[in-house]
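Trainee: Structure supplied as coords21.pdb; contents: PDB, C-alpha atoms.
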ATOM      1  CA  MET C 102     -16.626   5.631 -15.909  1.00  0.00           C
ATOM      2  CA  ASN C 103     -13.375   7.508 -15.532  1.00  0.00           C
ATOM      3  CA  GLU C 104     -10.806   6.793 -12.831  1.00  0.00           C
ATOM      4  CA  GLU C 105     -11.558   9.920 -10.766  1.00  0.00           C
ATOM      5  CA  THR C 106     -15.265   9.089 -10.565  1.00  0.00           C
ATOM      6  CA  GLU C 107     -14.398   5.515  -9.594  1.00  0.00           C
ATOM      7  CA  VAL C 108     -12.176   6.739  -6.767  1.00  0.00           C
ATOM      8  CA  ASP C 109     -14.895   9.140  -5.570  1.00  0.00           C
ATOM      9  CA  SER C 110     -17.644   6.516  -5.569  1.00  0.00           C
ATOM     10  CA  GLN C 111     -15.439   3.837  -3.985  1.00  0.00           C
ATOM     11  CA  ALA C 112     -14.320   6.239  -1.269  1.00  0.00           C
ATOM     12  CA  ILE C 113     -17.855   7.354  -0.503  1.00  0.00           C
ATOM     13  CA  GLU C 114     -19.022   3.728  -0.309  1.00  0.00           C
ATOM     14  CA  GLU C 115     -16.154   2.828   2.032  1.00  0.00           C
ATOM     15  CA  ILE C 116     -16.860   5.794   4.309  1.00  0.00           C
ATOM     16  CA  GLU C 117     -20.590   5.083   4.405  1.00  0.00           C
ATOM     17  CA  GLU C 118     -19.978   1.365   5.004  1.00  0.00           C
ATOM     18  CA  LEU C 119     -17.694   2.089   7.948  1.00  0.00           C
ATOM     19  CA  LYS C 120     -20.121   4.750   9.219  1.00  0.00           C
ATOM     20  CA  ILE C 121     -17.163   6.988   9.938  1.00  0.00           C
ATOM     21  CA  ASP C 122     -18.247  10.383  11.187  1.00  0.00           C
ATOM     22  CA  ILE C 123     -15.006  12.295  10.756  1.00  0.00           C
ATOM     23  CA  LEU C 124     -15.993  14.927   8.277  1.00  0.00           C
ATOM     24  CA  PRO C 125     -15.124  18.396   9.530  1.00  0.00           C
ATOM     25  CA  PRO C 126     -17.999  20.822  10.096  1.00  0.00           C
ATOM     26  CA  GLU C 127     -19.010  22.856   7.088  1.00  0.00           C
ATOM     27  CA  LYS C 128     -17.747  26.233   8.210  1.00  0.00           C
ATOM     28  CA  PRO C 129     -16.471  28.511   5.497  1.00  0.00           C
ATOM     29  CA  LYS C 130     -12.875  29.538   5.999  1.00  0.00           C
ATOM     30  CA  LYS C 131     -12.153  33.207   6.500  1.00  0.00           C
ATOM     31  CA  VAL C 132     -10.211  34.387   3.491  1.00  0.00           C
ATOM     32  CA  LYS C 133      -8.861  37.838   2.826  1.00  0.00           C
ATOM     33  CA  GLY C 134      -9.799  39.280  -0.523  1.00  0.00           C
ATOM     34  CA  ASN C 135     -11.473  37.471  -3.379  1.00  0.00           C
ATOM     35  CA  LEU C 136      -9.324  34.376  -3.809  1.00  0.00           C
ATOM     36  CA  LYS C 137     -10.625  31.969  -6.424  1.00  0.00           C
ATOM     37  CA  ASP C 138      -8.810  29.021  -7.896  1.00  0.00           C
ATOM     38  CA  LYS C 139     -10.371  26.559 -10.345  1.00  0.00           C
ATOM     39  CA  LYS C 140      -8.821  23.484  -8.723  1.00  0.00           C
ATOM     40  CA  THR C 141      -9.040  24.444  -5.054  1.00  0.00           C
ATOM     41  CA  SER C 142     -12.001  26.847  -5.000  1.00  0.00           C
ATOM     42  CA  LYS C 143     -10.248  28.860  -2.323  1.00  0.00           C
ATOM     43  CA  GLY C 144     -12.676  30.643  -0.081  1.00  0.00           C
ATOM     44  CA  LYS C 145     -15.264  27.846  -0.295  1.00  0.00           C
ATOM     45  CA  PRO C 146     -15.580  24.802   1.960  1.00  0.00           C
ATOM     46  CA  THR C 147     -14.442  21.521   0.420  1.00  0.00           C
ATOM     47  CA  PRO C 148     -17.477  19.505  -0.731  1.00  0.00           C
ATOM     48  CA  LYS C 149     -18.285  16.431   1.360  1.00  0.00           C
ATOM     49  CA  HIS C 150     -17.856  14.060  -1.577  1.00  0.00           C
ATOM     50  CA  ILE C 151     -14.282  15.349  -2.079  1.00  0.00           C
ATOM     51  CA  ILE C 152     -13.535  14.953   1.634  1.00  0.00           C
ATOM     52  CA  ALA C 153     -14.990  11.428   1.556  1.00  0.00           C
ATOM     53  CA  ALA C 154     -12.924  10.573  -1.524  1.00  0.00           C
ATOM     54  CA  ILE C 155      -9.739  11.875   0.142  1.00  0.00           C
ATOM     55  CA  ILE C 156     -10.433   9.950   3.354  1.00  0.00           C
ATOM     56  CA  GLY C 157     -11.315   6.782   1.445  1.00  0.00           C
ATOM     57  CA  ALA C 158      -8.212   7.019  -0.730  1.00  0.00           C
ATOM     58  CA  TYR C 159      -6.000   7.670   2.292  1.00  0.00           C
ATOM     59  CA  LEU C 160      -7.463   4.929   4.470  1.00  0.00           C
ATOM     60  CA  SER C 161      -7.345   2.420   1.604  1.00  0.00           C
ATOM     61  CA  GLY C 162      -3.552   2.623   1.615  1.00  0.00           C
ATOM     62  CA  LYS C 163      -3.454   2.315  -2.175  1.00  0.00           C
ATOM     63  CA  TYR C 164      -1.627   5.602  -2.691  1.00  0.00           C
ATOM     64  CA  GLN C 165       2.000   6.257  -1.797  1.00  0.00           C
ATOM     65  CA  SER C 166       1.739   9.993  -1.228  1.00  0.00           C
ATOM     66  CA  GLN C 167      -0.661  12.827  -0.616  1.00  0.00           C
ATOM     67  CA  LEU C 168       0.147  14.137  -4.087  1.00  0.00           C
ATOM     68  CA  GLU C 169      -1.091  10.877  -5.631  1.00  0.00           C
ATOM     69  CA  ILE C 170      -4.311  11.181  -3.619  1.00  0.00           C
ATOM     70  CA  ALA C 171      -4.756  14.785  -4.791  1.00  0.00           C
ATOM     71  CA  ASP C 172      -4.280  13.726  -8.435  1.00  0.00           C
ATOM     72  CA  ALA C 173      -6.642  10.745  -8.102  1.00  0.00           C
ATOM     73  CA  VAL C 174      -9.385  12.766  -6.391  1.00  0.00           C
ATOM     74  CA  GLY C 175      -8.859  15.866  -8.531  1.00  0.00           C
ATOM     75  CA  THR C 176      -8.221  18.333  -5.746  1.00  0.00           C
ATOM     76  CA  SER C 177      -5.337  20.346  -4.350  1.00  0.00           C
ATOM     77  CA  ILE C 178      -2.607  18.974  -2.138  1.00  0.00           C
ATOM     78  CA  SER C 179      -3.629  21.446   0.596  1.00  0.00           C
ATOM     79  CA  ASN C 180      -7.163  19.971   0.620  1.00  0.00           C
ATOM     80  CA  VAL C 181      -5.625  16.527   1.043  1.00  0.00           C
ATOM     81  CA  GLU C 182      -3.285  17.706   3.818  1.00  0.00           C
ATOM     82  CA  ASN C 183      -6.072  19.506   5.699  1.00  0.00           C
ATOM     83  CA  THR C 184      -8.476  16.580   5.402  1.00  0.00           C
ATOM     84  CA  ILE C 185      -5.910  13.996   6.496  1.00  0.00           C
ATOM     85  CA  SER C 186      -4.906  16.127   9.474  1.00  0.00           C
ATOM     86  CA  SER C 187      -8.554  16.095  10.612  1.00  0.00           C
ATOM     87  CA  ILE C 188      -8.773  12.272  10.666  1.00  0.00           C
ATOM     88  CA  PRO C 189      -8.712  10.910  14.230  1.00  0.00           C
ATOM     89  CA  LYS C 190      -5.530   8.992  15.098  1.00  0.00           C
ATOM     90  CA  GLU C 191      -7.501   5.789  15.802  1.00  0.00           C
ATOM     91  CA  TYR C 192      -8.465   5.542  12.132  1.00  0.00           C
ATOM     92  CA  ILE C 193      -4.909   6.216  11.003  1.00  0.00           C
ATOM     93  CA  ILE C 194      -3.646   3.438  13.281  1.00  0.00           C
ATOM     94  CA  LEU C 195      -6.254   1.074  11.822  1.00  0.00           C
ATOM     95  CA  LYS C 196      -5.220   2.124   8.307  1.00  0.00           C
ATOM     96  CA  ASP C 197      -1.539   1.489   9.073  1.00  0.00           C
ATOM     97  CA  GLU C 198      -2.362  -1.930  10.507  1.00  0.00           C
ATOM     98  CA  ALA C 199      -4.419  -2.808   7.420  1.00  0.00           C
ATOM     99  CA  VAL C 200      -1.617  -1.682   5.098  1.00  0.00           C
ATOM    100  CA  ASN C 201       0.944  -3.679   7.089  1.00  0.00           C
ATOM    101  CA  GLN C 202      -1.300  -6.729   6.943  1.00  0.00           C
ATOM    102  CA  ARG C 203      -1.720  -6.354   3.165  1.00  0.00           C
ATOM    103  CA  ILE C 204       2.048  -6.031   2.732  1.00  0.00           C
ATOM    104  CA  ALA C 205       2.643  -9.073   4.944  1.00  0.00           C
ATOM    105  CA  LEU C 206       0.235 -11.125   2.809  1.00  0.00           C
ATOM    106  CA  LYS C 207       2.045 -10.034  -0.373  1.00  0.00           C
ATOM    107  CA  VAL C 208       5.401 -10.985   1.169  1.00  0.00           C
ATOM    108  CA  VAL C 209       4.032 -14.400   2.148  1.00  0.00           C
ATOM    109  CA  GLU C 210       2.694 -14.918  -1.401  1.00  0.00           C
ATOM    110  CA  PHE C 211       6.087 -13.915  -2.832  1.00  0.00           C
ATOM    111  CA  ILE C 212       7.967 -16.274  -0.508  1.00  0.00           C
ATOM    112  CA  GLU C 213       5.573 -19.142  -1.267  1.00  0.00           C
ATOM    113  CA  GLU C 214       6.074 -18.574  -4.996  1.00  0.00           C
ATOM    114  CA  GLY C 215       9.841 -18.534  -4.460  1.00  0.00           C
ATOM    115  CA  PHE C 216       9.647 -21.843  -2.592  1.00  0.00           C
ATOM    116  CA  GLU C 217       7.581 -23.349  -5.388  1.00  0.00           C
ATOM    117  CA  SER C 218      10.196 -22.234  -7.925  1.00  0.00           C
ATOM    118  CA  LEU C 219      13.010 -23.689  -5.829  1.00  0.00           C
ATOM    119  CA  LYS C 220      11.061 -26.919  -5.460  1.00  0.00           C
ATOM    120  CA  HIS C 221      10.622 -27.115  -9.236  1.00  0.00           C
ATOM    121  CA  LEU C 222      14.353 -26.502  -9.736  1.00  0.00           C
ATOM    122  CA  ASP C 223      15.213 -29.150  -7.138  1.00  0.00           C
ATOM    123  CA  ASN C 224      13.157 -31.686  -9.041  1.00  0.00           C
ATOM    124  CA  HIS C 225      15.114 -30.781 -12.174  1.00  0.00           C
ATOM    125  CA  PHE C 226      18.451 -31.028 -10.332  1.00  0.00           C
ATOM    126  CA  ARG C 227      17.578 -34.532  -9.133  1.00  0.00           C
ATOM    127  CA  ASN C 228      17.723 -35.769 -12.721  1.00  0.00           C
ATOM    128  CA  GLU C 229      20.928 -37.823 -12.616  1.00  0.00           C
ATOM    129  CA  ALA C 230      21.401 -37.832 -16.395  1.00  0.00           C
ATOM    130  CA  TRP C 231      21.301 -34.028 -16.405  1.00  0.00           C
ATOM    131  CA  LEU C 232      23.623 -33.831 -13.362  1.00  0.00           C
ATOM    132  CA  MET C 233      26.266 -36.047 -14.977  1.00  0.00           C
ATOM    133  CA  ASN C 234      26.444 -33.732 -17.998  1.00  0.00           C
ATOM    134  CA  GLN C 235      27.046 -30.567 -15.962  1.00  0.00           C
ATOM    135  CA  ASP C 236      30.356 -28.861 -15.344  1.00  0.00           C
ATOM    136  CA  ALA C 237      31.481 -29.255 -11.704  1.00  0.00           C
ATOM    137  CA  GLU C 238      32.212 -25.516 -11.412  1.00  0.00           C
ATOM    138  CA  GLN C 239      28.691 -24.616 -12.568  1.00  0.00           C
ATOM    139  CA  LEU C 240      27.138 -27.148 -10.182  1.00  0.00           C
ATOM    140  CA  GLY C 241      29.196 -25.694  -7.332  1.00  0.00           C
ATOM    141  CA  LYS C 242      27.900 -22.198  -8.128  1.00  0.00           C
ATOM    142  CA  LEU C 243      24.362 -23.523  -8.385  1.00  0.00           C
ATOM    143  CA  TYR C 244      24.453 -25.178  -4.980  1.00  0.00           C
ATOM    144  CA  GLY C 245      26.250 -22.186  -3.435  1.00  0.00           C
ATOM    145  CA  ILE C 246      23.542 -19.840  -4.662  1.00  0.00           C
ATOM    146  CA  LYS C 247      20.852 -22.199  -3.405  1.00  0.00           C
ATOM    147  CA  ALA C 248      22.493 -22.499   0.030  1.00  0.00           C
ATOM    148  CA  ASP C 249      22.835 -18.706   0.222  1.00  0.00           C
ATOM    149  CA  LYS C 250      19.136 -18.254  -0.617  1.00  0.00           C
ATOM    150  CA  ILE C 251      18.160 -20.698   2.131  1.00  0.00           C
ATOM    151  CA  ARG C 252      20.401 -18.857   4.626  1.00  0.00           C
ATOM    152  CA  MET C 253      18.846 -15.501   3.660  1.00  0.00           C
ATOM    153  CA  ILE C 254      15.329 -16.892   4.083  1.00  0.00           C
ATOM    154  CA  MET C 255      16.177 -18.320   7.496  1.00  0.00           C
ATOM    155  CA  GLU C 256      17.704 -15.009   8.618  1.00  0.00           C
ATOM    156  CA  ALA C 257      14.595 -13.138   7.434  1.00  0.00           C
ATOM    157  CA  ILE C 258      12.369 -15.524   9.395  1.00  0.00           C
ATOM    158  CA  GLU C 259      14.553 -15.076  12.474  1.00  0.00           C
ATOM    159  CA  ARG C 260      14.392 -11.251  12.185  1.00  0.00           C
ATOM    160  CA  ALA C 261      10.625 -11.400  11.723  1.00  0.00           C
ATOM    161  CA  ASN C 262      10.235 -13.565  14.800  1.00  0.00           C
ATOM    162  CA  ARG C 263      12.400 -11.214  16.856  1.00  0.00           C
ATOM    163  CA  SER C 264      10.516  -8.087  15.779  1.00  0.00           C
ATOM    164  CA  GLY C 265       7.144  -9.796  16.221  1.00  0.00           C
ATOM    165  CA  GLY C 266       7.964 -10.668  19.818  1.00  0.00           C
ATOM    166  CA  GLU C 267       8.709  -7.053  20.817  1.00  0.00           C
TER     167      GLU C 267
END
What would you get if you wrote out this structure as structure tokens?
Mentor:
Amino acid sequence: MNEETEVDSQAIEEIEELKIDILPPEKPKKVKGNLKDKKTSKGKPTPKHIIAAIIGAYLSGKYQSQLEIADAVGTSISNVENTISSIPKEYIILKDEAVNQRIALKVVEFIEEGFESLKHLDNHFRNEAWLMNQDAEQLGKLYGIKADKIRMIMEAIERANRSGGE
């Protein structure tokens, strides 16, 4: 199964699971002349499975840009732009909240891993035999760096608490 088909089927499943009824009506666009394009099929309505794939990809928050969505789905950037502009704002707000929550969880995982690493290093630094064999200048740098990291973490927590209370 190639990546494009995976994206299409995942998007369709997500849309059907959420029972989102946000697909635009199937009205052909009025186009002057005989415009045909292999990728965009100008002059024809976008198939529902492409619209579902675009919406699913967008709402998943896995893609950084509309161009990435267009490449993943295999459609034009204008199809992506038009489809996204037709999504009700409530769904976009939910998507943004879900993305923010996913990012927050990743940040928490990263911080926890950092604490575990610092804890491991602290256990190593408590070894008195090792400490006695270290240069005082190097130990000073080590503890300075560690103190600076703790200060940065505390400032980040303080900023997060301030912004969370607004």
Trainee: Could you write out as a ChimeraX atom specification the residues that the PyMOL selection byres ((chain C and resi 171) around 10) matches in the shown file?
Mentor: /C:151,154-155,158,164,166-170,172-182
Trainee: Let me see the file: selected residues, C-alpha atoms, as a JSON list (two decimals), in the coordinates of the input.
Mentor:
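Saved the output as result26.json:
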[["chain", "number", "residue", "atom", "x", "y", "z"],
["C", 151, "ILE", "CA", -14.28, 15.35, -2.08],
["C", 154, "ALA", "CA", -12.92, 10.57, -1.52],
["C", 155, "ILE", "CA", -9.74, 11.88, 0.14],
["C", 158, "ALA", "CA", -8.21, 7.02, -0.73],
["C", 164, "TYR", "CA", -1.63, 5.60, -2.69],
["C", 166, "SER", "CA", 1.74, 9.99, -1.23],
["C", 167, "GLN", "CA", -0.66, 12.83, -0.62],
["C", 168, "LEU", "CA", 0.15, 14.14, -4.09],
["C", 169, "GLU", "CA", -1.09, 10.88, -5.63],
["C", 170, "ILE", "CA", -4.31, 11.18, -3.62],
["C", 172, "ASP", "CA", -4.28, 13.73, -8.44],
["C", 173, "ALA", "CA", -6.64, 10.74, -8.10],
["C", 174, "VAL", "CA", -9.38, 12.77, -6.39],
["C", 175, "GLY", "CA", -8.86, 15.87, -8.53],
["C", 176, "THR", "CA", -8.22, 18.33, -5.75],
["C", 177, "SER", "CA", -5.34, 20.35, -4.35],
["C", 178, "ILE", "CA", -2.61, 18.97, -2.14],
["C", 179, "SER", "CA", -3.63, 21.45, 0.60],
["C", 180, "ASN", "CA", -7.16, 19.97, 0.62],
["C", 181, "VAL", "CA", -5.62, 16.53, 1.04],
["C", 182, "GLU", "CA", -3.28, 17.71, 3.82]]
Trainee: Using the chain letters and numbers from the file, give me the residues hit by the PyMOL selection byres ((chain C and resi 236-253) around 12), as a list in words.
Mentor: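 Taken over the shown coordinates, the PyMOL selection byres ((chain C and resi 236-253) around 12) returns Ile212, Gly215, Phe216, Ser218, Leu219, Lys220, Leu222, Asp223, Phe226, Trp231, Leu232, Met233, Asn234, Gln235, Ile254, Met255, Glu256, Ala257, Ile258, Glu259 and Arg260 of chain C.
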Trainee: Which of these, C:Leu160, C:Arg263, C:Arg227, C:Glu214, has the shortest distance to C:Ile188 once you count only C-alpha atoms?
Mentor: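 So, comparing all the options, the nearest one is C:Leu160.
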Trainee: Pick from C:Ile152, C:Leu206, C:Leu195, C:Val200: nearest to C:Asn183, with all atoms listed in the file counted?
Mentor: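 Distance minimum relative to C:Asn183 lands on C:Ile152.
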Trainee: Which value, in Å to one decimal, gives the distance between atom CA of C:Gly162 and atom CA of C:His150?
Mentor: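 Atom-to-atom, atom CA of C:Gly162 and atom CA of C:His150 are spaced 18.6 Å apart.
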Trainee: Between C:Thr184, C:Lys196, C:Lys190, C:Ile204, which has the minimum distance to C:Lys149 (counting all atoms listed in the file)?
Mentor: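 Smallest distance to C:Lys149 is found for C:Thr184.
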Trainee: Just give me the gap between atom CA of C:Ala199 and atom CA of C:Tyr159 in Å, one decimal is fine.
Mentor: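 Here the two named atoms are 11.8 Å from each other.
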Trainee: Expressed in Å to a single decimal, how great is the separation between atom CA of C:Ile193 and atom CA of C:Lys145?
Mentor: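 If I compute the distance from atom CA of C:Ile193 to atom CA of C:Lys145, I get 26.5 Å.
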